[in-house]
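model_0.csv follows; it contains CSV, C-alpha atoms and all ligand atoms.
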```
chain,number,residue,atom,x,y,z
A,20,MET,CA,-33.0,9.1,161.0
A,21,ALA,CA,-35.7,10.8,163.2
A,22,GLU,CA,-35.4,9.6,166.8
A,23,SER,CA,-38.4,8.7,168.8
A,24,ALA,CA,-38.5,9.8,172.4
A,25,PRO,CA,-37.0,7.3,174.8
A,26,LEU,CA,-39.4,5.2,176.8
A,27,PRO,CA,-39.0,4.7,180.5
A,28,GLY,CA,-36.7,1.8,181.3
A,29,THR,CA,-35.0,1.8,177.9
A,30,PRO,CA,-31.2,1.0,177.9
A,31,SER,CA,-28.6,3.8,177.8
A,32,TRP,CA,-26.4,4.3,174.7
A,33,ASP,CA,-23.5,2.7,176.7
A,34,ALA,CA,-25.7,-0.3,177.7
A,35,LEU,CA,-26.5,-0.9,174.0
A,36,LEU,CA,-22.8,-1.1,173.3
A,37,SER,CA,-21.8,-3.3,176.1
A,38,GLN,CA,-24.8,-5.7,175.9
A,39,CYS,CA,-24.8,-6.4,172.1
A,40,GLY,CA,-22.1,-9.2,172.2
A,41,LEU,CA,-19.9,-7.5,169.6
A,42,PRO,CA,-16.3,-6.2,169.9
A,43,ARG,CA,-16.4,-2.6,171.0
A,44,LEU,CA,-15.1,-1.1,167.7
A,45,ASP,CA,-17.7,-2.9,165.6
A,46,ALA,CA,-20.5,-2.0,168.1
A,47,ARG,CA,-19.5,1.6,168.2
A,48,ALA,CA,-19.4,1.9,164.4
A,49,LEU,CA,-22.9,0.3,164.1
A,50,LEU,CA,-24.3,2.5,166.7
A,51,GLU,CA,-22.9,5.6,165.0
A,52,HIS,CA,-24.5,4.4,161.8
A,53,ALA,CA,-27.9,3.5,163.3
A,54,SER,CA,-28.2,6.7,165.3
A,55,GLY,CA,-26.6,9.2,162.9
A,56,ARG,CA,-24.7,10.5,165.9
A,57,ARG,CA,-21.0,11.2,166.0
A,58,ARG,CA,-18.7,9.3,168.3
A,59,GLU,CA,-18.1,12.3,170.5
A,60,TRP,CA,-21.9,12.8,171.0
A,61,LEU,CA,-22.3,9.2,171.9
A,62,LEU,CA,-19.4,9.3,174.4
A,63,ALA,CA,-20.8,12.5,176.0
A,64,HIS,CA,-24.3,11.0,176.3
A,65,GLY,CA,-23.4,7.4,177.2
A,66,ASP,CA,-25.7,7.4,180.3
A,67,ASP,CA,-28.7,8.9,178.6
A,68,PRO,CA,-31.6,6.5,177.5
A,69,ALA,CA,-31.3,5.5,173.9
A,70,ALA,CA,-34.1,6.4,171.4
A,71,ALA,CA,-36.4,3.4,170.8
A,72,SER,CA,-36.2,3.7,167.0
A,73,VAL,CA,-32.4,3.6,167.2
A,74,ILE,CA,-32.4,0.6,169.5
A,75,GLU,CA,-34.4,-1.4,167.0
A,76,ALA,CA,-32.2,-0.4,164.0
A,77,PHE,CA,-29.0,-1.1,166.1
A,78,ASN,CA,-30.2,-4.5,167.3
A,79,ALA,CA,-31.0,-5.5,163.7
A,80,LEU,CA,-27.6,-4.5,162.5
A,81,ALA,CA,-25.8,-6.1,165.5
A,82,ALA,CA,-27.6,-9.4,164.9
A,83,ARG,CA,-26.4,-9.4,161.2
A,84,ARG,CA,-22.9,-8.6,162.4
A,85,ARG,CA,-23.0,-11.5,164.9
A,86,ALA,CA,-24.1,-13.8,162.1
A,87,GLY,CA,-20.9,-12.9,160.2
A,88,GLU,CA,-22.0,-10.2,157.7
A,89,PRO,CA,-19.0,-8.0,157.0
A,90,LEU,CA,-19.1,-4.7,158.9
A,91,ALA,CA,-18.4,-2.8,155.6
A,92,TYR,CA,-21.6,-4.1,154.0
A,93,LEU,CA,-23.6,-3.1,157.1
A,94,LEU,CA,-22.1,0.4,157.1
A,95,GLY,CA,-22.0,0.7,153.3
A,96,PHE,CA,-18.4,1.8,153.2
A,97,ARG,CA,-14.8,0.8,153.9
A,98,GLU,CA,-11.6,2.9,154.3
A,99,PHE,CA,-8.8,2.0,151.9
A,100,HIS,CA,-5.5,3.9,151.8
A,101,GLY,CA,-7.2,6.8,153.7
A,102,LEU,CA,-10.1,7.1,151.3
A,103,ARG,CA,-13.7,6.1,152.0
A,104,PHE,CA,-15.1,3.6,149.4
A,105,ALA,CA,-18.8,2.8,149.1
A,106,VAL,CA,-19.3,-0.9,149.0
A,107,THR,CA,-22.3,-3.1,148.3
A,108,ARG,CA,-22.6,-6.9,148.1
A,109,ASP,CA,-21.6,-6.6,144.4
A,110,VAL,CA,-18.0,-5.9,145.3
A,111,LEU,CA,-15.3,-7.4,147.4
A,112,VAL,CA,-14.6,-5.4,150.6
A,113,PRO,CA,-11.2,-3.8,149.9
A,114,ARG,CA,-8.6,-5.3,152.2
A,115,PRO,CA,-5.7,-3.5,154.1
A,116,GLU,CA,-3.2,-5.9,152.4
A,117,THR,CA,-4.2,-4.6,149.0
A,118,GLU,CA,-2.9,-1.2,150.1
A,119,GLY,CA,0.6,-2.7,149.6
A,120,LEU,CA,-0.1,-3.0,145.9
A,121,VAL,CA,-0.8,0.7,145.7
A,122,ASP,CA,2.5,1.5,147.5
A,123,ALA,CA,4.5,-1.0,145.4
A,124,ALA,CA,3.0,0.5,142.2
A,125,LEU,CA,3.7,4.1,143.2
A,126,GLU,CA,7.4,3.3,144.0
A,127,ARG,CA,8.0,1.8,140.6
A,128,LEU,CA,6.3,4.6,138.7
A,129,THR,CA,8.4,7.5,140.2
A,130,ASP,CA,10.4,7.9,137.1
A,131,THR,CA,7.6,7.5,134.6
A,132,ILE,CA,5.8,10.6,133.3
A,133,ARG,CA,2.1,10.3,132.6
A,134,PRO,CA,2.1,6.5,133.3
A,135,ARG,CA,-0.5,4.4,131.7
A,136,VAL,CA,-2.0,2.1,134.4
A,137,LEU,CA,-4.4,-0.8,134.0
A,138,ASP,CA,-6.4,-2.3,137.0
A,139,LEU,CA,-7.9,-5.6,136.1
A,140,GLY,CA,-10.9,-6.7,138.2
A,141,THR,CA,-11.4,-3.3,139.8
A,142,GLY,CA,-14.3,-4.3,142.1
A,143,SER,CA,-15.1,-1.2,144.2
A,144,GLY,CA,-12.4,0.7,142.2
A,145,ALA,CA,-10.1,0.8,145.2
A,146,LEU,CA,-6.8,0.3,143.3
A,147,ALA,CA,-7.7,2.3,140.2
A,148,ILE,CA,-9.1,5.3,142.1
A,149,THR,CA,-6.4,5.4,144.7
A,150,LEU,CA,-3.7,5.3,142.0
A,151,ALA,CA,-5.5,7.9,139.9
A,152,LEU,CA,-5.7,10.3,142.9
A,153,LEU,CA,-2.1,9.7,144.1
A,154,ARG,CA,-0.7,10.0,140.5
A,155,PRO,CA,-3.0,12.7,138.9
A,156,ASP,CA,-0.9,12.6,135.7
A,157,ALA,CA,-1.6,8.8,135.2
A,158,GLN,CA,-4.0,7.6,132.5
A,159,VAL,CA,-5.9,4.9,134.4
A,160,VAL,CA,-8.0,2.2,132.8
A,161,ALA,CA,-10.1,-0.2,135.0
A,162,THR,CA,-12.0,-3.3,134.0
A,163,ASP,CA,-14.3,-5.8,135.6
A,164,ALA,CA,-16.4,-8.7,134.3
A,165,SER,CA,-19.2,-7.6,136.6
A,166,SER,CA,-21.3,-4.7,135.4
A,167,GLN,CA,-22.6,-4.3,139.0
A,168,ALA,CA,-19.1,-3.9,140.3
A,169,LEU,CA,-18.2,-1.4,137.6
A,170,ALA,CA,-21.3,0.7,138.6
A,171,VAL,CA,-20.1,0.8,142.3
A,172,ALA,CA,-16.5,1.7,141.1
A,173,GLN,CA,-17.8,4.5,138.9
A,174,ALA,CA,-19.9,5.9,141.7
A,175,ASN,CA,-16.9,5.8,144.0
A,176,ALA,CA,-14.8,7.6,141.3
A,177,ARG,CA,-17.4,10.4,141.1
A,178,LEU,CA,-17.6,10.7,144.9
A,179,LEU,CA,-13.8,10.8,145.3
A,180,GLY,CA,-13.1,13.0,142.4
A,181,ALA,CA,-11.3,10.6,140.1
A,182,ALA,CA,-13.1,11.6,136.9
A,183,GLU,CA,-10.5,10.7,134.3
A,184,ILE,CA,-10.6,6.9,134.7
A,185,THR,CA,-11.7,4.8,131.7
A,186,TRP,CA,-14.0,1.9,132.6
A,187,GLN,CA,-14.3,-1.3,130.5
A,188,GLU,CA,-16.5,-4.3,131.1
A,189,GLY,CA,-15.2,-7.8,130.1
A,190,ASP,CA,-13.1,-10.8,130.7
A,191,TRP,CA,-9.6,-9.7,131.8
A,192,PHE,CA,-7.6,-8.3,128.9
A,193,ALA,CA,-10.4,-9.1,126.5
A,194,ALA,CA,-12.2,-6.0,128.0
A,195,LEU,CA,-9.7,-3.8,126.1
A,196,SER,CA,-9.9,-2.9,122.5
A,197,PRO,CA,-7.1,-4.4,120.4
A,198,ASP,CA,-5.6,-1.0,119.6
A,199,GLU,CA,-5.4,0.1,123.3
A,200,PRO,CA,-1.9,1.6,123.7
A,201,PRO,CA,0.5,-0.4,125.9
A,202,PHE,CA,0.6,0.1,129.7
A,203,ASP,CA,3.5,1.0,132.0
A,204,LEU,CA,1.8,-0.9,134.8
A,205,VAL,CA,-0.8,-3.6,135.1
A,206,VAL,CA,-2.1,-4.2,138.7
A,207,SER,CA,-4.7,-6.8,139.7
A,208,ASN,CA,-6.1,-8.4,142.8
A,209,PRO,CA,-7.7,-11.3,141.0
A,210,PRO,CA,-9.8,-14.1,142.6
A,211,TYR,CA,-7.3,-16.7,143.8
A,212,LEU,CA,-9.2,-19.3,145.9
A,213,ALA,CA,-9.8,-22.8,144.5
A,214,ASP,CA,-13.4,-23.8,143.9
A,215,ASP,CA,-13.5,-26.0,147.0
A,216,ASP,CA,-11.3,-23.8,149.3
A,217,PRO,CA,-12.6,-24.3,152.9
A,218,HIS,CA,-12.2,-20.6,153.5
A,219,LEU,CA,-15.3,-20.1,151.3
A,220,HIS,CA,-17.3,-21.3,154.3
A,221,ASP,CA,-16.0,-18.5,156.6
A,222,PRO,CA,-18.9,-16.3,157.6
A,223,ALA,CA,-17.2,-13.2,156.2
A,224,LEU,CA,-16.4,-14.7,152.8
A,225,ARG,CA,-19.9,-16.2,152.4
A,226,HIS,CA,-21.3,-12.7,151.9
A,227,GLU,CA,-18.9,-11.6,149.2
A,228,PRO,CA,-19.4,-12.2,145.5
A,229,ARG,CA,-18.1,-15.7,144.5
A,230,MET,CA,-16.6,-14.3,141.3
A,231,ALA,CA,-14.5,-12.0,143.3
A,232,LEU,CA,-13.0,-14.9,145.3
A,233,VAL,CA,-12.9,-18.1,143.2
A,234,SER,CA,-10.7,-18.6,140.2
A,235,GLY,CA,-11.0,-22.3,139.3
A,236,PRO,CA,-10.1,-25.8,140.4
A,237,HIS,CA,-6.6,-24.7,141.6
A,238,GLY,CA,-7.1,-21.1,142.5
A,239,MET,CA,-4.2,-20.0,140.3
A,240,GLU,CA,-6.1,-19.9,137.0
A,241,ALA,CA,-6.7,-16.1,136.9
A,242,ILE,CA,-3.1,-15.3,138.0
A,243,ALA,CA,-1.6,-17.6,135.3
A,244,LEU,CA,-3.9,-16.2,132.6
A,245,ILE,CA,-3.1,-12.6,133.5
A,246,ALA,CA,0.6,-13.3,133.6
A,247,ALA,CA,0.5,-15.1,130.2
A,248,GLN,CA,-1.4,-12.3,128.5
A,249,ALA,CA,0.1,-9.3,130.1
A,250,PRO,CA,3.3,-9.0,127.9
A,251,ALA,CA,1.1,-8.2,124.9
A,252,ARG,CA,-0.3,-5.2,126.8
A,253,LEU,CA,2.8,-3.9,128.5
A,254,ARG,CA,5.4,-1.6,127.0
A,255,PRO,CA,9.0,-2.9,127.3
A,256,GLY,CA,10.1,-2.2,130.9
A,257,GLY,CA,6.5,-2.1,132.2
A,258,TRP,CA,5.5,-3.8,135.4
A,259,LEU,CA,2.9,-6.5,136.3
A,260,MET,CA,1.9,-6.6,140.0
A,261,LEU,CA,-0.5,-9.3,141.3
A,262,GLU,CA,-2.0,-9.9,144.7
A,263,HIS,CA,-2.4,-13.6,145.7
A,264,GLY,CA,-2.8,-15.9,148.7
A,265,ALA,CA,-0.1,-16.2,151.3
A,266,THR,CA,0.9,-19.7,150.0
A,267,GLN,CA,0.9,-18.8,146.3
A,268,GLY,CA,4.1,-16.7,146.0
A,269,ALA,CA,6.2,-19.4,144.4
A,270,ALA,CA,3.5,-20.3,141.9
A,271,ALA,CA,2.9,-16.7,141.0
A,272,ARG,CA,6.6,-16.1,140.4
A,273,ALA,CA,6.7,-19.2,138.2
A,274,SER,CA,3.7,-17.9,136.2
A,275,LEU,CA,5.5,-14.5,135.6
A,276,GLN,CA,8.8,-16.2,134.8
A,277,ASP,CA,7.1,-18.6,132.3
A,278,ALA,CA,5.6,-15.6,130.6
A,279,GLY,CA,9.1,-14.0,130.2
A,280,PHE,CA,9.0,-11.5,133.1
A,281,THR,CA,12.3,-10.6,134.8
A,282,GLN,CA,13.1,-9.0,138.2
A,283,THR,CA,10.3,-11.1,139.6
A,284,GLU,CA,9.9,-10.7,143.4
A,285,THR,CA,7.3,-11.5,146.0
A,286,LEU,CA,6.6,-8.9,148.7
A,287,ALA,CA,5.2,-9.5,152.2
A,288,ASP,CA,2.4,-7.6,153.8
A,289,LEU,CA,2.6,-6.0,157.2
A,290,GLN,CA,2.0,-9.4,158.9
A,291,GLY,CA,5.0,-10.9,157.0
A,292,LEU,CA,2.8,-12.9,154.6
A,293,ALA,CA,3.8,-13.2,151.0
A,294,ARG,CA,1.0,-11.4,149.2
A,295,ILE,CA,2.2,-9.5,146.1
A,296,THR,CA,4.3,-10.8,143.2
A,297,LEU,CA,5.6,-8.5,140.6
A,298,GLY,CA,7.8,-8.6,137.6
A,299,ARG,CA,9.1,-6.5,134.7
A,300,TRP,CA,8.4,-7.1,131.1
A,301,THR,CA,11.7,-7.4,129.2
A,302,PRO,CA,11.0,-8.6,125.7
A,303,PRO,CA,13.5,-11.2,124.6
A,304,VAL,CA,16.3,-9.9,122.4
A,305,THR,CA,15.9,-11.2,118.9
A,306,ASN,CA,19.1,-12.3,117.2
A,307,PRO,CA,19.0,-10.6,113.8
A,308,SER,CA,21.4,-13.1,112.2
A,309,ARG,CA,19.2,-16.0,113.3
A,310,SER,CA,16.0,-14.4,112.2
A,311,GLN,CA,17.6,-14.0,108.7
A,312,GLY,CA,18.4,-17.7,108.7
A,313,ALA,CA,22.2,-17.3,109.0
A,314,VAL,CA,24.1,-20.0,111.0
A,401,LIG,C1,-10.6,-10.1,144.6
A,401,LIG,S1,-11.7,-9.0,143.8
A,401,LIG,C2,-10.7,-7.5,143.8
A,401,LIG,C3,-11.5,-6.2,143.7
A,401,LIG,C4,-10.6,-5.0,143.9
A,401,LIG,N1,-9.6,-4.9,142.9
A,401,LIG,C5,-9.9,-5.0,145.3
A,401,LIG,O1,-8.7,-5.2,145.3
A,401,LIG,O2,-10.6,-4.8,146.3
A,401,LIG,C6,-11.6,-9.6,142.1
A,401,LIG,C7,-12.4,-8.8,141.0
A,401,LIG,O3,-12.2,-9.4,139.8
A,401,LIG,C8,-13.4,-9.5,139.1
A,401,LIG,N2,-13.4,-10.6,138.1
A,401,LIG,C9,-13.6,-11.9,138.3
A,401,LIG,N3,-13.4,-12.6,137.2
A,401,LIG,C10,-13.1,-11.7,136.3
A,401,LIG,C11,-12.8,-11.8,134.9
A,401,LIG,N4,-12.8,-13.0,134.2
A,401,LIG,N5,-12.5,-10.7,134.2
A,401,LIG,C12,-12.5,-9.5,134.8
A,401,LIG,N6,-12.7,-9.3,136.1
A,401,LIG,C13,-13.1,-10.4,136.8
A,401,LIG,C14,-14.5,-9.6,140.1
A,401,LIG,O4,-15.7,-9.2,139.7
A,401,LIG,C15,-13.9,-8.8,141.3
A,401,LIG,O5,-14.4,-7.5,141.2
```

Produce structure tokens that represent the structure in this file.
Amino acid sequence: MAESAPLPGTPSWDALLSQCGLPRLDARALLEHASGRRREWLLAHGDDPAAASVIEAFNALAARRRAGEPLAYLLGFREFHGLRFAVTRDVLVPRPETEGLVDAALERLTDTIRPRVLDLGTGSGALAITLALLRPDAQVVATDASSQALAVAQANARLLGAAEITWQEGDWFAALSPDEPPFDLVVSNPPYLADDDPHLHDPALRHEPRMALVSGPHGMEAIALIAAQAPARLRPGGWLMLEHGATQGAAARASLQDAGFTQTETLADLQGLARITLGRWTPPVTNPSRSQGAV
């Protein structure tokens, strides 16, 4: 952005930061964004008068941030697992706790060559793209019911160099063709809030797409559906890994166990909150004598 010359009496860059009423880190990120200046430059010129055009742009962004708009939407990006993802209001802002899903997935794929990986409800593409970049031999398929979200994810894949991902639009597993080969891993961070969850009134969540947050009257609908349908799409020994709310671990494990998963486990995030439930698809052993009608 072209800067206009500072007018006499205009605030310094440092004064803009300290007077905007935002936490320092947020204010600094917005000032870097509005000015197009690097942090080092702003530190070195903190006492200089700020440019009028930047003051206006910065104040507008700061007002939106004070009203609760997520920083990521104002900046247009969010870091996830060390990568910069473009985000728009069409996608959930990727969360640090979801990085645990990437780590859990990588750990369980160490012995699998050319693993086939499915990311259901990819949003910005955070899970699919990170896994594709960290496991370049993987064949990654990513789906979403939102065409706008898929467009953001595909743009991120181009920017980040994850060209090989296959993108499918549709409702959970129905997005896949019936003859899609089975997967070694299905990951998903599905919506898991109930329709009337009070968190939906939080200023930050109010700006995110409702379909990324809300699953149904109980909040567990998407998790239960994915768990029930995953066995048909997993190879024997394949893994299902789902993110969920901190109070949903027991219900998520029950959904996986009801669907026939074994080795079910709930993992905690860095704050000690139960956030990821996983299980292994172990098809039931059929008893040949029974299936032949013998007694
Ligand atoms: C919580 S967001 C997760 C986004 C991304 N995976 C992440 O972790 O940042 C859930 C995603 O599921 C998608 N979604 C919601 N309902 C869906 C459905 N019935 N079928 C497929 N995707 C759906 C939403 O559009 C959204 O992108």

Next on the checklist: Residues within 9 Å of Arg58 (chain A), please, as a PyMOL selection string. Count only C-alpha atoms; anything in the same chain fewer than 6 positions from it doesn't count.
Outcome noted: chain A and resi 47-48+50-51

Item to check | Shortest interatomic distance to Ser31 (chain A) - which of A:Ala157, A:Ala170, A:Ala69, A:Leu61, counting all atoms listed in the file | outcome: A:Ala69

Chain A near ligand LIG 401 (chain A) within 7 Å: what's each residue's closest atom pair and its distance in Å to one decimal, counting all atoms listed in the file, ordered by chain then ascending residue number, as JSON lines?
```
{"residue": "A:Val110", "atom": "CA", "partner": "A:LIG401", "partner_atom": "O5", "distance": 5.7}
{"residue": "A:Leu111", "atom": "CA", "partner": "A:LIG401", "partner_atom": "S1", "distance": 5.3}
{"residue": "A:Val112", "atom": "CA", "partner": "A:LIG401", "partner_atom": "O2", "distance": 5.9}
{"residue": "A:Pro113", "atom": "CA", "partner": "A:LIG401", "partner_atom": "O2", "distance": 3.8}
{"residue": "A:Arg114", "atom": "CA", "partner": "A:LIG401", "partner_atom": "O2", "distance": 6.2}
{"residue": "A:Thr117", "atom": "CA", "partner": "A:LIG401", "partner_atom": "O1", "distance": 5.9}
{"residue": "A:Leu139", "atom": "CA", "partner": "A:LIG401", "partner_atom": "N6", "distance": 6.1}
{"residue": "A:Gly140", "atom": "CA", "partner": "A:LIG401", "partner_atom": "O3", "distance": 3.4}
{"residue": "A:Thr141", "atom": "CA", "partner": "A:LIG401", "partner_atom": "N1", "distance": 3.9}
{"residue": "A:Gly142", "atom": "CA", "partner": "A:LIG401", "partner_atom": "O5", "distance": 3.3}
{"residue": "A:Ser143", "atom": "CA", "partner": "A:LIG401", "partner_atom": "C4", "distance": 5.9}
{"residue": "A:Gly144", "atom": "CA", "partner": "A:LIG401", "partner_atom": "C4", "distance": 6.2}
{"residue": "A:Ala145", "atom": "CA", "partner": "A:LIG401", "partner_atom": "O2", "distance": 5.7}
{"residue": "A:Leu146", "atom": "CA", "partner": "A:LIG401", "partner_atom": "N1", "distance": 5.9}
{"residue": "A:Thr162", "atom": "CA", "partner": "A:LIG401", "partner_atom": "C12", "distance": 6.3}
{"residue": "A:Asp163", "atom": "CA", "partner": "A:LIG401", "partner_atom": "N6", "distance": 3.9}
{"residue": "A:Ala164", "atom": "CA", "partner": "A:LIG401", "partner_atom": "C12", "distance": 4.0}
{"residue": "A:Ser165", "atom": "CA", "partner": "A:LIG401", "partner_atom": "O4", "distance": 4.9}
{"residue": "A:Ala168", "atom": "CA", "partner": "A:LIG401", "partner_atom": "O5", "distance": 6.0}
{"residue": "A:Gly189", "atom": "CA", "partner": "A:LIG401", "partner_atom": "C12", "distance": 5.7}
{"residue": "A:Asp190", "atom": "CA", "partner": "A:LIG401", "partner_atom": "N5", "distance": 3.6}
{"residue": "A:Trp191", "atom": "CA", "partner": "A:LIG401", "partner_atom": "N5", "distance": 3.9}
{"residue": "A:Ser207", "atom": "CA", "partner": "A:LIG401", "partner_atom": "N1", "distance": 6.2}
{"residue": "A:Asn208", "atom": "CA", "partner": "A:LIG401", "partner_atom": "C2", "distance": 4.8}
{"residue": "A:Pro209", "atom": "CA", "partner": "A:LIG401", "partner_atom": "C6", "distance": 4.4}
{"residue": "A:Pro210", "atom": "CA", "partner": "A:LIG401", "partner_atom": "C1", "distance": 4.5}
{"residue": "A:Met230", "atom": "CA", "partner": "A:LIG401", "partner_atom": "C9", "distance": 4.9}
{"residue": "A:Ala231", "atom": "CA", "partner": "A:LIG401", "partner_atom": "C15", "distance": 3.8}
{"residue": "A:Leu232", "atom": "CA", "partner": "A:LIG401", "partner_atom": "C1", "distance": 5.4}
```

Checklist entry - Which distance in Å separates CA of Gly256 (chain A) and CA of Arg299 (chain A), to one decimal? => result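 That distance, rounded to one decimal, is 5.8 Å.
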
Next on the checklist: as a PyMOL selection string, please: the residues near region 104-109 of chain A (cut-off 10 Å, all atoms listed in the file, same-chain neighbours under 4 positions excluded).
Outcome noted: chain A and resi 89+91-100+113+142-145+148+165-172+174-176+178-179+226-231

Atoms kept (C-alpha atoms) for selection, written as a short mmCIF file (atom, residue, chain, number, x, y, z; two decimals), keeping the file's coordinate frame:
```
data_model
loop_
_atom_site.label_atom_id
_atom_site.label_comp_id
_atom_site.auth_asym_id
_atom_site.auth_seq_id
_atom_site.Cartn_x
_atom_site.Cartn_y
_atom_site.Cartn_z
CA PRO A 89 -19.00 -8.00 157.00
CA ALA A 91 -18.40 -2.80 155.60
CA TYR A 92 -21.60 -4.10 154.00
CA LEU A 93 -23.60 -3.10 157.10
CA LEU A 94 -22.10 0.40 157.10
CA GLY A 95 -22.00 0.70 153.30
CA PHE A 96 -18.40 1.80 153.20
CA ARG A 97 -14.80 0.80 153.90
CA GLU A 98 -11.60 2.90 154.30
CA PHE A 99 -8.80 2.00 151.90
CA HIS A 100 -5.50 3.90 151.80
CA PRO A 113 -11.20 -3.80 149.90
CA GLY A 142 -14.30 -4.30 142.10
CA SER A 143 -15.10 -1.20 144.20
CA GLY A 144 -12.40 0.70 142.20
CA ALA A 145 -10.10 0.80 145.20
CA ILE A 148 -9.10 5.30 142.10
CA SER A 165 -19.20 -7.60 136.60
CA SER A 166 -21.30 -4.70 135.40
CA GLN A 167 -22.60 -4.30 139.00
CA ALA A 168 -19.10 -3.90 140.30
CA LEU A 169 -18.20 -1.40 137.60
CA ALA A 170 -21.30 0.70 138.60
CA VAL A 171 -20.10 0.80 142.30
CA ALA A 172 -16.50 1.70 141.10
CA ALA A 174 -19.90 5.90 141.70
CA ASN A 175 -16.90 5.80 144.00
CA ALA A 176 -14.80 7.60 141.30
CA LEU A 178 -17.60 10.70 144.90
CA LEU A 179 -13.80 10.80 145.30
CA HIS A 226 -21.30 -12.70 151.90
CA GLU A 227 -18.90 -11.60 149.20
CA PRO A 228 -19.40 -12.20 145.50
CA ARG A 229 -18.10 -15.70 144.50
CA MET A 230 -16.60 -14.30 141.30
CA ALA A 231 -14.50 -12.00 143.30
#
```

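CA of His263 (chain A) to CA of Ala287 (chain A) spans 10.8 Å [interatomic distance, one decimal].
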
Next on the checklist: Using only C-alpha atoms for the distances, tell me which of A:Gly180, A:Pro303, A:Gly291, A:Pro30 is nearest to Ile74 (chain A).
Outcome noted: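 Of the candidates, the smallest distance to Ile74 (chain A) is held by A:Pro30.
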
Item to check | Protein/DNA/RNA residues near (-2.8, -3.8, 141.6), cut 9 Å, all atoms listed in the file, as JSON, numbers by chain | outcome: {"A": [117, 118, 119, 120, 121, 123, 124, 137, 138, 139, 141, 146, 147, 204, 205, 206, 207, 208, 209, 259, 260, 261, 262, 295]}

Checklist entry - Do you have the CA of Leu35 (chain A)-CA of Arg225 (chain A) distance handy? => result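 Calculated distance between CA of Leu35 (chain A) and CA of Arg225 (chain A) is 27.3 Å.
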
Next on the checklist: Within 8 Å of (-23.9, 7.3, 176.8) (file coordinates; all atoms listed in the file), which protein or nucleic acid residues are there? I'd like them as a PyMOL selection string.
Outcome noted: chain A and resi 31-34+61-68

Residue subset to file, keeping C-alpha atoms, as an mmCIF file, in the coordinates of the input:
```cif
data_model
loop_
_atom_site.group_PDB
_atom_site.id
_atom_site.type_symbol
_atom_site.label_atom_id
_atom_site.label_comp_id
_atom_site.auth_asym_id
_atom_site.auth_seq_id
_atom_site.Cartn_x
_atom_site.Cartn_y
_atom_site.Cartn_z
ATOM 1 C CA SER A 31 -28.600 3.800 177.800
ATOM 2 C CA TRP A 32 -26.400 4.300 174.700
ATOM 3 C CA ASP A 33 -23.500 2.700 176.700
ATOM 4 C CA ALA A 34 -25.700 -0.300 177.700
ATOM 5 C CA LEU A 61 -22.300 9.200 171.900
ATOM 6 C CA LEU A 62 -19.400 9.300 174.400
ATOM 7 C CA ALA A 63 -20.800 12.500 176.000
ATOM 8 C CA HIS A 64 -24.300 11.000 176.300
ATOM 9 C CA GLY A 65 -23.400 7.400 177.200
ATOM 10 C CA ASP A 66 -25.700 7.400 180.300
ATOM 11 C CA ASP A 67 -28.700 8.900 178.600
ATOM 12 C CA PRO A 68 -31.600 6.500 177.500
#
```

Next on the checklist: With distances taken over all atoms listed in the file, which residue among A:Gly264, A:Ala76, A:Thr305, A:Leu102 lies nearest His218 (chain A)?
Outcome noted: A:Gly264

Would you mind completing region 199-209 of chain A to N, CA and C atoms and writing the output as a PDB file, keeping the file's coordinate frame?
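Output (out26.pdb):
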```pdb
ATOM      1  N   GLU A 199      -5.713  -0.598 122.032  1.00  0.00           N
ATOM      2  CA  GLU A 199      -5.400   0.100 123.300  1.00  0.00           C
ATOM      3  C   GLU A 199      -3.878   0.276 123.382  1.00  0.00           C
ATOM      4  N   PRO A 200      -3.355   1.487 123.579  1.00  0.00           N
ATOM      5  CA  PRO A 200      -1.900   1.600 123.700  1.00  0.00           C
ATOM      6  C   PRO A 200      -1.363   0.825 124.898  1.00  0.00           C
ATOM      7  N   PRO A 201      -0.088   0.427 124.845  1.00  0.00           N
ATOM      8  CA  PRO A 201       0.500  -0.400 125.900  1.00  0.00           C
ATOM      9  C   PRO A 201       0.524   0.345 127.253  1.00  0.00           C
ATOM     10  N   PHE A 202       0.608  -0.422 128.330  1.00  0.00           N
ATOM     11  CA  PHE A 202       0.600   0.100 129.700  1.00  0.00           C
ATOM     12  C   PHE A 202       2.000   0.108 130.291  1.00  0.00           C
ATOM     13  N   ASP A 203       2.229   1.033 131.223  1.00  0.00           N
ATOM     14  CA  ASP A 203       3.500   1.000 132.000  1.00  0.00           C
ATOM     15  C   ASP A 203       3.303   0.105 133.233  1.00  0.00           C
ATOM     16  N   LEU A 204       2.053  -0.110 133.639  1.00  0.00           N
ATOM     17  CA  LEU A 204       1.800  -0.900 134.800  1.00  0.00           C
ATOM     18  C   LEU A 204       0.450  -1.594 134.708  1.00  0.00           C
ATOM     19  N   VAL A 205       0.445  -2.884 135.000  1.00  0.00           N
ATOM     20  CA  VAL A 205      -0.800  -3.600 135.100  1.00  0.00           C
ATOM     21  C   VAL A 205      -0.888  -4.124 136.568  1.00  0.00           C
ATOM     22  N   VAL A 206      -1.935  -3.727 137.295  1.00  0.00           N
ATOM     23  CA  VAL A 206      -2.100  -4.200 138.700  1.00  0.00           C
ATOM     24  C   VAL A 206      -3.412  -5.069 138.674  1.00  0.00           C
ATOM     25  N   SER A 207      -3.429  -6.067 139.529  1.00  0.00           N
ATOM     26  CA  SER A 207      -4.700  -6.800 139.700  1.00  0.00           C
ATOM     27  C   SER A 207      -4.642  -7.548 141.041  1.00  0.00           C
ATOM     28  N   ASN A 208      -5.800  -7.530 141.664  1.00  0.00           N
ATOM     29  CA  ASN A 208      -6.100  -8.400 142.800  1.00  0.00           C
ATOM     30  C   ASN A 208      -7.144  -9.366 142.337  1.00  0.00           C
ATOM     31  N   PRO A 209      -6.737 -10.394 141.587  1.00  0.00           N
ATOM     32  CA  PRO A 209      -7.700 -11.300 141.000  1.00  0.00           C
ATOM     33  C   PRO A 209      -8.278 -12.267 142.000  1.00  0.00           C
TER      34      PRO A 209
END
```
